[in-house]
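Structure below is work_29.pdb: PDB, C-alpha atoms.
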ATOM      1  CA  MET U   3      -7.157   1.546   1.360
ATOM      2  CA  LEU U   4      -9.506   2.492   4.219
ATOM      3  CA  GLU U   5     -12.074   5.281   4.152
ATOM      4  CA  VAL U   6     -14.365   6.288   7.007
ATOM      5  CA  ARG U   7     -17.060   8.803   6.069
ATOM      6  CA  ASN U   8     -19.405  10.622   8.454
ATOM      7  CA  LEU U   9     -19.426   7.684  10.850
ATOM      8  CA  SER U  10     -21.858   7.815  13.781
ATOM      9  CA  PHE U  11     -22.916   5.133  16.227
ATOM     10  CA  SER U  12     -25.048   4.904  19.366
ATOM     11  CA  TYR U  13     -25.858   2.308  21.985
ATOM     12  CA  GLU U  14     -28.240   3.883  24.499
ATOM     13  CA  ARG U  15     -26.373   7.134  23.980
ATOM     14  CA  PRO U  16     -24.212   8.524  21.154
ATOM     15  CA  VAL U  17     -20.752   6.937  21.100
ATOM     16  CA  LEU U  18     -19.299   8.297  17.837
ATOM     17  CA  ASN U  19     -20.372  11.456  16.070
ATOM     18  CA  ASP U  20     -19.637  12.221  12.401
ATOM     19  CA  VAL U  21     -16.091  10.793  12.262
ATOM     20  CA  SER U  22     -14.291  10.918   8.902
ATOM     21  CA  PHE U  23     -10.744  10.024   7.837
ATOM     22  CA  SER U  24      -8.885   7.911   5.272
ATOM     23  CA  LEU U  25      -5.739   5.774   5.300
ATOM     24  CA  GLY U  26      -3.481   4.632   2.506
ATOM     25  CA  SER U  27      -1.540   1.399   2.252
ATOM     26  CA  GLY U  28       1.493   1.297   4.511
ATOM     27  CA  GLU U  29       0.093   3.608   7.205
ATOM     28  CA  LEU U  30       0.148   2.885  10.945
ATOM     29  CA  LEU U  31      -2.522   4.897  12.746
ATOM     30  CA  ALA U  32      -2.556   5.251  16.545
ATOM     31  CA  VAL U  33      -6.033   5.974  17.931
ATOM     32  CA  LEU U  34      -5.730   7.916  21.171
ATOM     33  CA  GLY U  35      -8.115   9.397  23.689
ATOM     34  CA  PRO U  36      -9.423   9.082  27.231
ATOM     35  CA  ASN U  37     -11.604   6.210  28.385
ATOM     36  CA  GLY U  38     -15.110   6.357  26.956
ATOM     37  CA  SER U  39     -14.138   8.375  23.888
ATOM     38  CA  GLY U  40     -15.332   5.737  21.389
ATOM     39  CA  LYS U  41     -11.989   4.175  20.414
ATOM     40  CA  SER U  42     -12.988   0.509  20.760
ATOM     41  CA  THR U  43     -16.323   1.126  19.050
ATOM     42  CA  LEU U  44     -14.505   2.747  16.129
ATOM     43  CA  LEU U  45     -12.374  -0.384  15.717
ATOM     44  CA  LYS U  46     -15.432  -2.663  15.820
ATOM     45  CA  LEU U  47     -17.036  -0.595  13.070
ATOM     46  CA  ILE U  48     -13.857  -0.718  10.973
ATOM     47  CA  ALA U  49     -13.670  -4.499  11.410
ATOM     48  CA  GLY U  50     -17.331  -4.951  10.473
ATOM     49  CA  ILE U  51     -18.318  -6.293  13.891
ATOM     50  CA  GLU U  52     -20.771  -3.436  14.458
ATOM     51  CA  THR U  53     -22.937  -1.713  11.832
ATOM     52  CA  PRO U  54     -22.832   2.098  11.649
ATOM     53  CA  GLY U  55     -25.880   4.084  12.669
ATOM     54  CA  ALA U  56     -24.886   6.554   9.954
ATOM     55  CA  GLY U  57     -21.991   6.868   7.557
ATOM     56  CA  VAL U  58     -19.882   4.175   5.935
ATOM     57  CA  VAL U  59     -16.617   2.286   6.381
ATOM     58  CA  SER U  60     -15.127   1.136   3.088
ATOM     59  CA  MET U  61     -12.001  -0.863   2.385
ATOM     60  CA  GLU U  62     -10.509  -0.810  -1.097
ATOM     61  CA  GLY U  63     -13.780   0.696  -2.342
ATOM     62  CA  ARG U  64     -16.115  -1.880  -0.742
ATOM     63  CA  ASP U  65     -18.451  -1.239   2.143
ATOM     64  CA  VAL U  66     -17.104  -3.355   5.016
ATOM     65  CA  SER U  67     -20.640  -4.203   6.151
ATOM     66  CA  SER U  68     -21.275  -5.864   2.754
ATOM     67  CA  LEU U  69     -18.377  -8.322   3.103
ATOM     68  CA  SER U  70     -19.100 -11.944   3.941
ATOM     69  CA  ARG U  71     -17.621 -13.320   7.150
ATOM     70  CA  ARG U  72     -14.918 -15.120   5.186
ATOM     71  CA  GLU U  73     -14.103 -12.077   3.034
ATOM     72  CA  ALA U  74     -13.838  -9.873   6.125
ATOM     73  CA  ALA U  75     -11.606 -12.406   7.901
ATOM     74  CA  ARG U  76      -9.315 -12.595   4.878
ATOM     75  CA  ALA U  77      -8.997  -8.822   4.565
ATOM     76  CA  ILE U  78      -9.007  -7.706   8.199
ATOM     77  CA  GLY U  79      -7.063  -9.076  11.165
ATOM     78  CA  TYR U  80      -8.828  -7.939  14.356
ATOM     79  CA  VAL U  81      -7.708  -8.349  17.962
ATOM     80  CA  ALA U  82     -10.183  -7.248  20.621
ATOM     81  CA  GLN U  83      -9.240  -5.562  23.869
ATOM     82  CA  GLU U  84     -10.459  -8.605  25.783
ATOM     83  CA  SER U  85     -10.672 -11.986  24.074
ATOM     84  CA  ILE U  86     -12.569 -14.849  25.699
ATOM     85  CA  VAL U  87     -11.246 -18.335  24.962
ATOM     86  CA  ARG U  88     -13.688 -21.106  25.847
ATOM     87  CA  PHE U  89     -11.993 -24.237  24.498
ATOM     88  CA  PRO U  90      -8.593 -25.595  25.614
ATOM     89  CA  LEU U  91      -7.029 -25.783  22.156
ATOM     90  CA  SER U  92      -3.288 -25.866  21.807
ATOM     91  CA  VAL U  93      -1.719 -22.581  20.748
ATOM     92  CA  LEU U  94      -0.839 -24.148  17.397
ATOM     93  CA  GLU U  95      -4.454 -25.214  16.808
ATOM     94  CA  PHE U  96      -5.749 -21.830  17.939
ATOM     95  CA  VAL U  97      -3.536 -19.883  15.543
ATOM     96  CA  LEU U  98      -4.339 -22.333  12.732
ATOM     97  CA  GLN U  99      -7.982 -21.281  13.156
ATOM     98  CA  GLY U 100      -6.862 -17.888  11.884
ATOM     99  CA  ARG U 101      -6.514 -19.539   8.464
ATOM    100  CA  PHE U 102     -10.290 -20.113   8.347
ATOM    101  CA  ALA U 103     -10.588 -17.297   5.836
ATOM    102  CA  HIS U 104      -8.673 -19.368   3.285
ATOM    103  CA  GLY U 105     -11.357 -22.021   3.187
ATOM    104  CA  ARG U 106     -10.121 -24.940   5.267
ATOM    105  CA  LEU U 107     -11.290 -26.309   8.598
ATOM    106  CA  LEU U 108      -9.082 -27.370  11.477
ATOM    107  CA  GLY U 109      -7.767 -30.842  10.694
ATOM    108  CA  PHE U 110      -7.788 -30.182   6.936
ATOM    109  CA  GLU U 111      -5.092 -27.522   6.819
ATOM    110  CA  SER U 112      -2.628 -27.356   3.958
ATOM    111  CA  GLU U 113       1.147 -27.036   4.057
ATOM    112  CA  GLU U 114       0.689 -23.330   3.374
ATOM    113  CA  ASP U 115      -1.617 -23.019   6.402
ATOM    114  CA  GLU U 116       0.962 -24.712   8.611
ATOM    115  CA  ARG U 117       3.788 -22.593   7.190
ATOM    116  CA  GLU U 118       1.894 -19.319   7.734
ATOM    117  CA  THR U 119       0.913 -20.384  11.243
ATOM    118  CA  ILE U 120       4.509 -21.109  12.240
ATOM    119  CA  ARG U 121       5.573 -17.820  10.677
ATOM    120  CA  ALA U 122       2.978 -15.939  12.762
ATOM    121  CA  LEU U 123       4.122 -17.724  15.923
ATOM    122  CA  GLU U 124       7.740 -16.900  15.188
ATOM    123  CA  LEU U 125       7.011 -13.242  14.473
ATOM    124  CA  THR U 126       5.191 -12.872  17.807
ATOM    125  CA  GLU U 127       7.780 -14.963  19.676
ATOM    126  CA  THR U 128       5.131 -17.474  20.755
ATOM    127  CA  VAL U 129       6.369 -20.562  18.924
ATOM    128  CA  GLU U 130       7.645 -21.928  22.251
ATOM    129  CA  PHE U 131       4.000 -22.063  23.389
ATOM    130  CA  ALA U 132       2.838 -24.077  20.372
ATOM    131  CA  GLU U 133       1.924 -27.222  22.312
ATOM    132  CA  ARG U 134       0.565 -25.474  25.406
ATOM    133  CA  LYS U 135      -3.163 -24.942  25.918
ATOM    134  CA  ILE U 136      -4.319 -21.421  25.140
ATOM    135  CA  THR U 137      -6.306 -21.435  28.403
ATOM    136  CA  GLU U 138      -3.106 -21.995  30.422
ATOM    137  CA  LEU U 139      -1.269 -18.902  29.211
ATOM    138  CA  SER U 140      -0.833 -15.681  31.124
ATOM    139  CA  GLY U 141      -2.682 -12.593  29.931
ATOM    140  CA  GLY U 142       0.397 -11.205  28.210
ATOM    141  CA  GLU U 143       1.256 -14.511  26.546
ATOM    142  CA  ARG U 144      -2.304 -14.929  25.341
ATOM    143  CA  GLN U 145      -2.349 -11.421  23.881
ATOM    144  CA  ARG U 146       0.710 -12.197  21.746
ATOM    145  CA  VAL U 147      -0.982 -15.408  20.546
ATOM    146  CA  MET U 148      -4.084 -13.387  19.607
ATOM    147  CA  ILE U 149      -1.905 -11.183  17.426
ATOM    148  CA  ALA U 150      -0.318 -14.282  15.869
ATOM    149  CA  ARG U 151      -3.756 -15.581  14.956
ATOM    150  CA  ALA U 152      -4.725 -12.216  13.463
ATOM    151  CA  ILE U 153      -1.700 -12.106  11.153
ATOM    152  CA  ALA U 154      -1.745 -15.798  10.185
ATOM    153  CA  SER U 155      -4.091 -15.075   7.261
ATOM    154  CA  ARG U 156      -1.871 -12.195   6.015
ATOM    155  CA  PRO U 157      -4.649  -9.572   6.200
ATOM    156  CA  ARG U 158      -4.325  -6.272   4.363
ATOM    157  CA  LEU U 159      -5.700  -4.362   7.347
ATOM    158  CA  LEU U 160      -4.671  -5.035  10.953
ATOM    159  CA  VAL U 161      -6.968  -3.669  13.679
ATOM    160  CA  LEU U 162      -5.656  -3.944  17.247
ATOM    161  CA  ASP U 163      -7.430  -2.760  20.398
ATOM    162  CA  GLU U 164      -4.869  -2.071  23.136
ATOM    163  CA  PRO U 165      -2.535  -4.888  22.023
ATOM    164  CA  VAL U 166       0.149  -4.086  24.621
ATOM    165  CA  ALA U 167      -2.094  -3.536  27.656
ATOM    166  CA  ASN U 168      -0.953  -6.703  29.468
ATOM    167  CA  LEU U 169       2.642  -6.807  28.259
ATOM    168  CA  ASP U 170       5.898  -5.881  29.930
ATOM    169  CA  ILE U 171       7.853  -3.018  28.392
ATOM    170  CA  ALA U 172      10.127  -5.279  26.336
ATOM    171  CA  HIS U 173       7.189  -7.006  24.657
ATOM    172  CA  GLN U 174       5.293  -3.721  24.280
ATOM    173  CA  VAL U 175       8.180  -2.429  22.178
ATOM    174  CA  LYS U 176       8.448  -5.705  20.254
ATOM    175  CA  VAL U 177       4.727  -5.683  19.371
ATOM    176  CA  PHE U 178       4.926  -2.132  18.016
ATOM    177  CA  GLN U 179       8.122  -3.013  16.135
ATOM    178  CA  LEU U 180       6.353  -6.041  14.655
ATOM    179  CA  VAL U 181       3.324  -4.018  13.545
ATOM    180  CA  LYS U 182       5.539  -1.346  12.030
ATOM    181  CA  SER U 183       7.586  -3.948  10.123
ATOM    182  CA  LEU U 184       4.432  -5.650   8.807
ATOM    183  CA  VAL U 185       3.139  -2.303   7.599
ATOM    184  CA  ALA U 186       6.449  -1.458   5.947
ATOM    185  CA  ASP U 187       7.361  -4.836   4.463
ATOM    186  CA  GLU U 188       3.968  -6.180   3.387
ATOM    187  CA  ALA U 189       2.093  -3.014   2.359
ATOM    188  CA  MET U 190      -0.313  -3.631   5.228
ATOM    189  CA  THR U 191      -2.306  -0.885   6.957
ATOM    190  CA  ALA U 192      -2.709  -0.911  10.742
ATOM    191  CA  VAL U 193      -5.065   0.836  13.157
ATOM    192  CA  VAL U 194      -4.032   0.522  16.805
ATOM    193  CA  VAL U 195      -5.829   1.787  19.893
ATOM    194  CA  THR U 196      -3.388   2.441  22.715
ATOM    195  CA  HIS U 197      -2.939   4.454  25.883
ATOM    196  CA  GLU U 198       0.847   4.295  25.473
ATOM    197  CA  LEU U 199       1.428   7.789  24.109
ATOM    198  CA  ASN U 200       5.201   7.497  23.912
ATOM    199  CA  LEU U 201       5.113   4.212  22.017
ATOM    200  CA  ALA U 202       2.555   5.699  19.631
ATOM    201  CA  ALA U 203       4.851   8.690  19.128
ATOM    202  CA  GLU U 204       7.793   6.428  18.290
ATOM    203  CA  PHE U 205       6.107   3.974  15.953
ATOM    204  CA  ALA U 206       2.924   5.416  14.398
ATOM    205  CA  SER U 207       3.028   7.449  11.190
ATOM    206  CA  LEU U 208      -0.391   8.987  11.910
ATOM    207  CA  ALA U 209      -2.326   9.684  15.083
ATOM    208  CA  MET U 210      -5.943  10.436  15.897
ATOM    209  CA  LEU U 211      -7.405  12.042  19.008
ATOM    210  CA  LEU U 212     -10.968  11.220  20.037
ATOM    211  CA  LYS U 213     -12.895  12.854  22.855
ATOM    212  CA  GLN U 214     -16.497  12.098  23.764
ATOM    213  CA  GLY U 215     -17.044  10.438  20.397
ATOM    214  CA  SER U 216     -15.815  13.329  18.285
ATOM    215  CA  LEU U 217     -12.689  13.555  16.176
ATOM    216  CA  VAL U 218     -10.454  16.243  17.658
ATOM    217  CA  ALA U 219      -7.349  15.722  15.510
ATOM    218  CA  PHE U 220      -6.085  13.495  12.702
ATOM    219  CA  ALA U 221      -2.644  14.189  11.271
ATOM    220  CA  SER U 222       0.969  13.067  11.407
ATOM    221  CA  THR U 223       1.988  11.836  14.839
ATOM    222  CA  ALA U 224       4.341  14.782  15.320
ATOM    223  CA  GLU U 225       1.489  17.228  14.655
ATOM    224  CA  VAL U 226      -0.994  15.483  16.947
ATOM    225  CA  MET U 227       1.481  15.143  19.839
ATOM    226  CA  HIS U 228       1.145  18.822  20.625
ATOM    227  CA  GLU U 229       1.211  19.830  24.273
ATOM    228  CA  ASP U 230      -1.888  22.048  24.283
ATOM    229  CA  LEU U 231      -3.866  19.549  22.207
ATOM    230  CA  LEU U 232      -3.023  16.597  24.443
ATOM    231  CA  ARG U 233      -3.761  18.584  27.576
ATOM    232  CA  SER U 234      -7.193  19.583  26.304
ATOM    233  CA  VAL U 235      -8.143  16.027  25.288
ATOM    234  CA  PHE U 236      -6.788  14.155  28.317
ATOM    235  CA  GLU U 237      -7.428  16.954  30.824
ATOM    236  CA  ALA U 238      -4.031  16.332  32.375
ATOM    237  CA  GLU U 239      -0.867  18.353  32.791
ATOM    238  CA  LEU U 240       1.509  16.987  30.154
ATOM    239  CA  HIS U 241       4.851  18.221  28.886
ATOM    240  CA  VAL U 242       5.950  17.439  25.322
ATOM    241  CA  ASP U 243       9.556  17.663  24.183
ATOM    242  CA  ARG U 244      11.746  15.510  21.926
ATOM    243  CA  ASN U 245      13.324  12.152  22.570
ATOM    244  CA  PRO U 246      17.047  13.011  22.508
ATOM    245  CA  ILE U 247      17.882   9.776  20.655
ATOM    246  CA  THR U 248      15.068   9.334  18.114
ATOM    247  CA  GLY U 249      13.722  12.870  17.834
ATOM    248  CA  ALA U 250      10.134  11.647  18.278
ATOM    249  CA  PRO U 251       7.768  13.552  20.566
ATOM    250  CA  ARG U 252       8.191  12.576  24.213
ATOM    251  CA  ILE U 253       5.262  12.994  26.595
ATOM    252  CA  THR U 254       5.857  13.403  30.316
ATOM    253  CA  PRO U 255       3.073  13.780  32.897
ATOM    254  CA  LEU U 256       3.640  16.659  35.277
ATOM    255  CA  ILE U 257       3.009  15.447  38.807
ATOM    256  CA  GLN U 258       2.188  18.173  41.278
ATOM    257  CA  SER U 259       2.890  17.352  44.885
ATOM    258  CA  ALA U 260      -0.151  17.467  47.109
ATOM    259  CA  PRO U 261       0.131  20.082  49.836
ATOM    260  CA  ILE U 262       1.170  18.679  53.190
ATOM    261  CA  SER U 263      -1.343  19.536  55.876
ATOM    262  CA  ALA U 264       0.113  21.265  58.881
ATOM    263  CA  ARG U 265       0.105  19.153  62.007
ATOM    264  CA  SER U 266      -2.098  20.379  64.784
TER
END
Take the structure from the file and write it as structure tokens.
Amino acid sequence: MLEVRNLSFSYERPVLNDVSFSLGSGELLAVLGPNGSGKSTLLKLIAGIETPGAGVVSMEGRDVSSLSRREAARAIGYVAQESIVRFPLSVLEFVLQGRFAHGRLLGFESEEDERETIRALELTETVEFAERKITELSGGERQRVMIARAIASRPRLLVLDEPVANLDIAHQVKVFQLVKSLVADEAMTAVVVTHELNLAAEFASLAMLLKQGSLVAFASTAEVMHEDLLRSVFEAELHVDRNPITGAPRITPLIQSAPISARS
């Protein structure tokens, strides 16, 4: 489904260095790592937004950089970490724009476009916002609408950069549940960057650790969520045990109390 081979990329300095991995249909990959490790850049390369300095990203055997804008939009649903909205479209109109890949402009949408748009709004629990202006929504509400737009075209690959960063815990769980159900029910593949280690442990089938642009680990989530491995990548004291209900790895930061200075 997705193959990344010897991928490297630089801005003024190296950002990714010789990263390789592959994903099959129906996989949900969590991309983890500290700030500045190259996670967002990796997603931009997968989505075809940036061009690799070296290496290749291919989807179903085709180099992603060779896809036309419409082909890429049909195959890949991408949600950036920060999305700028300049025009006060209604939420319904905004999500309808996600059907661009199917060849119709806003105002010329088909019944199928409208049906898929409503479906995407319902799945993300944003249908109640349909008539509101996208510019009037809170950050968390807007993020859910961005996901609705990404899935409106029924992409085969979903690429999400910190999709739960602005959401309360209930909607964080719902977004991961939604992504997992899309992967399971529609043979979709998903790549999700997140700092929520416990949610990644519960929902992702695979996990990747990046540090300073290099691939440290890529394996099943249970294998990657290893105490020594996480400590070395995040440079933090972390304890890993098992969730007593689900059996998934559970990550707990170990907070050491600062010494109390003696009063003079």
> From the set U:Ala203, U:Asp187, U:Leu212, U:Arg146, which residue has the shortest atom-to-atom contact distance to Asp170 (chain U), counting only C-alpha atoms?
Replying inline: U:Arg146
> Quick one: which residues end up in the PyMOL selection byres ((chain U and resi 221) around 10) for this structure, as a PyMOL selection string?
Replying inline: chain U and resi 23+31+207-211+219-220+222-227
Quick one: residues within 8 Å of region 126-133 of chain U, only C-alpha atoms counted, chain neighbours fewer than 5 positions away excluded, as an mmCIF file with C-alpha atoms, in the frame of the given file?
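Listing of around.cif after writing:
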data_model
loop_
_atom_site.group_PDB
_atom_site.id
_atom_site.type_symbol
_atom_site.label_atom_id
_atom_site.label_comp_id
_atom_site.auth_asym_id
_atom_site.auth_seq_id
_atom_site.Cartn_x
_atom_site.Cartn_y
_atom_site.Cartn_z
ATOM 1 C CA SER U 92 -3.288 -25.866 21.807
ATOM 2 C CA VAL U 93 -1.719 -22.581 20.748
ATOM 3 C CA LEU U 94 -0.839 -24.148 17.397
ATOM 4 C CA ILE U 120 4.509 -21.109 12.240
ATOM 5 C CA GLU U 143 1.256 -14.511 26.546
ATOM 6 C CA ARG U 146 0.710 -12.197 21.746
ATOM 7 C CA VAL U 147 -0.982 -15.408 20.546
ATOM 8 C CA ILE U 149 -1.905 -11.183 17.426
ATOM 9 C CA ALA U 150 -0.318 -14.282 15.869
ATOM 10 C CA VAL U 177 4.727 -5.683 19.371
ATOM 11 C CA LEU U 180 6.353 -6.041 14.655
#
For this file, the PyMOL selection byres ((chain U and resi 67-74) around 10) selects which residues, as a PDB file with C-alpha atoms, in the coordinates of the input?
ATOM      1  CA  LEU U  47     -17.036  -0.595  13.070  1.00  0.00           C
ATOM      2  CA  ILE U  48     -13.857  -0.718  10.973  1.00  0.00           C
ATOM      3  CA  ALA U  49     -13.670  -4.499  11.410  1.00  0.00           C
ATOM      4  CA  GLY U  50     -17.331  -4.951  10.473  1.00  0.00           C
ATOM      5  CA  ILE U  51     -18.318  -6.293  13.891  1.00  0.00           C
ATOM      6  CA  GLU U  52     -20.771  -3.436  14.458  1.00  0.00           C
ATOM      7  CA  THR U  53     -22.937  -1.713  11.832  1.00  0.00           C
ATOM      8  CA  PRO U  54     -22.832   2.098  11.649  1.00  0.00           C
ATOM      9  CA  VAL U  58     -19.882   4.175   5.935  1.00  0.00           C
ATOM     10  CA  VAL U  59     -16.617   2.286   6.381  1.00  0.00           C
ATOM     11  CA  SER U  60     -15.127   1.136   3.088  1.00  0.00           C
ATOM     12  CA  MET U  61     -12.001  -0.863   2.385  1.00  0.00           C
ATOM     13  CA  ARG U  64     -16.115  -1.880  -0.742  1.00  0.00           C
ATOM     14  CA  ASP U  65     -18.451  -1.239   2.143  1.00  0.00           C
ATOM     15  CA  VAL U  66     -17.104  -3.355   5.016  1.00  0.00           C
ATOM     16  CA  ALA U  75     -11.606 -12.406   7.901  1.00  0.00           C
ATOM     17  CA  ARG U  76      -9.315 -12.595   4.878  1.00  0.00           C
ATOM     18  CA  ALA U  77      -8.997  -8.822   4.565  1.00  0.00           C
ATOM     19  CA  ILE U  78      -9.007  -7.706   8.199  1.00  0.00           C
ATOM     20  CA  GLY U  79      -7.063  -9.076  11.165  1.00  0.00           C
ATOM     21  CA  TYR U  80      -8.828  -7.939  14.356  1.00  0.00           C
ATOM     22  CA  PHE U 102     -10.290 -20.113   8.347  1.00  0.00           C
ATOM     23  CA  ALA U 103     -10.588 -17.297   5.836  1.00  0.00           C
ATOM     24  CA  HIS U 104      -8.673 -19.368   3.285  1.00  0.00           C
ATOM     25  CA  GLY U 105     -11.357 -22.021   3.187  1.00  0.00           C
ATOM     26  CA  PRO U 157      -4.649  -9.572   6.200  1.00  0.00           C
ATOM     27  CA  LEU U 159      -5.700  -4.362   7.347  1.00  0.00           C
TER      28      LEU U 159
END
> Which residue, U:Ala56, U:Ala189, U:Ala32, U:Leu4, has the smallest gap to Pro16 (chain U) when you use all atoms listed in the file?
Replying inline: U:Ala56
> So which residues get picked by the PyMOL selection byres ((chain U and resi 87) around 12) here, written as a ChimeraX atom specification?
Replying inline: /U:82,84-86,88-93,96,135-139,141,144-145,147-148
> Hey, which of U:Glu62, U:Val193, U:Arg158, U:Gly249 ends up closest to Lys46 (chain U)? Count all atoms listed in the file.
Replying inline: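 Nearest to Lys46 (chain U): U:Val193.
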For region 147-166 of chain U, supply N, CA, C and O atoms and report the output as an mmCIF file, keeping the file's coordinate frame.
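File selection.cif, as written:
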data_model
loop_
_atom_site.group_PDB
_atom_site.id
_atom_site.type_symbol
_atom_site.label_atom_id
_atom_site.label_comp_id
_atom_site.auth_asym_id
_atom_site.auth_seq_id
_atom_site.Cartn_x
_atom_site.Cartn_y
_atom_site.Cartn_z
ATOM 1 N N VAL U 147 -0.419 -14.338 21.371
ATOM 2 C CA VAL U 147 -0.982 -15.408 20.546
ATOM 3 C C VAL U 147 -2.174 -14.881 19.745
ATOM 4 O O VAL U 147 -2.372 -15.257 18.577
ATOM 5 N N MET U 148 -2.964 -13.993 20.334
ATOM 6 C CA MET U 148 -4.084 -13.387 19.607
ATOM 7 C C MET U 148 -3.584 -12.622 18.387
ATOM 8 O O MET U 148 -4.190 -12.668 17.304
ATOM 9 N N ILE U 149 -2.477 -11.917 18.552
ATOM 10 C CA ILE U 149 -1.905 -11.183 17.426
ATOM 11 C C ILE U 149 -1.398 -12.160 16.372
ATOM 12 O O ILE U 149 -1.573 -11.945 15.169
ATOM 13 N N ALA U 150 -0.784 -13.264 16.812
ATOM 14 C CA ALA U 150 -0.318 -14.282 15.869
ATOM 15 C C ALA U 150 -1.480 -14.811 15.037
ATOM 16 O O ALA U 150 -1.375 -14.962 13.808
ATOM 17 N N ARG U 151 -2.579 -15.079 15.682
ATOM 18 C CA ARG U 151 -3.756 -15.581 14.956
ATOM 19 C C ARG U 151 -4.263 -14.550 13.952
ATOM 20 O O ARG U 151 -4.676 -14.885 12.842
ATOM 21 N N ALA U 152 -4.226 -13.272 14.347
ATOM 22 C CA ALA U 152 -4.725 -12.216 13.463
ATOM 23 C C ALA U 152 -3.880 -12.066 12.211
ATOM 24 O O ALA U 152 -4.402 -11.726 11.146
ATOM 25 N N ILE U 153 -2.568 -12.306 12.318
ATOM 26 C CA ILE U 153 -1.700 -12.106 11.153
ATOM 27 C C ILE U 153 -1.458 -13.386 10.366
ATOM 28 O O ILE U 153 -0.846 -13.342 9.302
ATOM 29 N N ALA U 154 -1.985 -14.521 10.866
ATOM 30 C CA ALA U 154 -1.745 -15.798 10.185
ATOM 31 C C ALA U 154 -2.353 -15.820 8.787
ATOM 32 O O ALA U 154 -1.842 -16.508 7.899
ATOM 33 N N SER U 155 -3.433 -15.078 8.572
ATOM 34 C CA SER U 155 -4.091 -15.075 7.261
ATOM 35 C C SER U 155 -3.533 -13.996 6.327
ATOM 36 O O SER U 155 -4.049 -13.803 5.233
ATOM 37 N N ARG U 156 -2.479 -13.288 6.790
ATOM 38 C CA ARG U 156 -1.871 -12.195 6.015
ATOM 39 C C ARG U 156 -2.936 -11.172 5.584
ATOM 40 O O ARG U 156 -3.125 -10.911 4.391
ATOM 41 N N PRO U 157 -3.623 -10.564 6.549
ATOM 42 C CA PRO U 157 -4.649 -9.572 6.200
ATOM 43 C C PRO U 157 -4.019 -8.312 5.617
ATOM 44 O O PRO U 157 -2.839 -8.023 5.846
ATOM 45 N N ARG U 158 -4.802 -7.546 4.897
ATOM 46 C CA ARG U 158 -4.325 -6.272 4.363
ATOM 47 C C ARG U 158 -4.535 -5.136 5.348
ATOM 48 O O ARG U 158 -3.898 -4.092 5.248
ATOM 49 N N LEU U 159 -5.442 -5.346 6.312
ATOM 50 C CA LEU U 159 -5.700 -4.362 7.347
ATOM 51 C C LEU U 159 -5.622 -5.051 8.705
ATOM 52 O O LEU U 159 -6.270 -6.074 8.930
ATOM 53 N N LEU U 160 -4.834 -4.494 9.606
ATOM 54 C CA LEU U 160 -4.671 -5.035 10.953
ATOM 55 C C LEU U 160 -5.284 -4.038 11.932
ATOM 56 O O LEU U 160 -4.938 -2.852 11.927
ATOM 57 N N VAL U 161 -6.221 -4.523 12.757
ATOM 58 C CA VAL U 161 -6.968 -3.669 13.679
ATOM 59 C C VAL U 161 -6.765 -4.219 15.092
ATOM 60 O O VAL U 161 -7.237 -5.311 15.410
ATOM 61 N N LEU U 162 -6.061 -3.460 15.926
ATOM 62 C CA LEU U 162 -5.656 -3.944 17.247
ATOM 63 C C LEU U 162 -6.155 -3.003 18.336
ATOM 64 O O LEU U 162 -5.859 -1.805 18.317
ATOM 65 N N ASP U 163 -6.890 -3.557 19.300
ATOM 66 C CA ASP U 163 -7.430 -2.760 20.398
ATOM 67 C C ASP U 163 -6.589 -2.989 21.652
ATOM 68 O O ASP U 163 -6.676 -4.033 22.295
ATOM 69 N N GLU U 164 -5.771 -2.021 21.980
ATOM 70 C CA GLU U 164 -4.869 -2.071 23.136
ATOM 71 C C GLU U 164 -4.047 -3.371 23.157
ATOM 72 O O GLU U 164 -4.105 -4.138 24.116
ATOM 73 N N PRO U 165 -3.260 -3.618 22.124
ATOM 74 C CA PRO U 165 -2.535 -4.888 22.023
ATOM 75 C C PRO U 165 -1.411 -5.053 23.035
ATOM 76 O O PRO U 165 -0.936 -6.169 23.230
ATOM 77 N N VAL U 166 -0.975 -3.968 23.681
ATOM 78 C CA VAL U 166 0.149 -4.086 24.621
ATOM 79 C C VAL U 166 -0.286 -3.865 26.062
ATOM 80 O O VAL U 166 0.561 -3.720 26.952
#
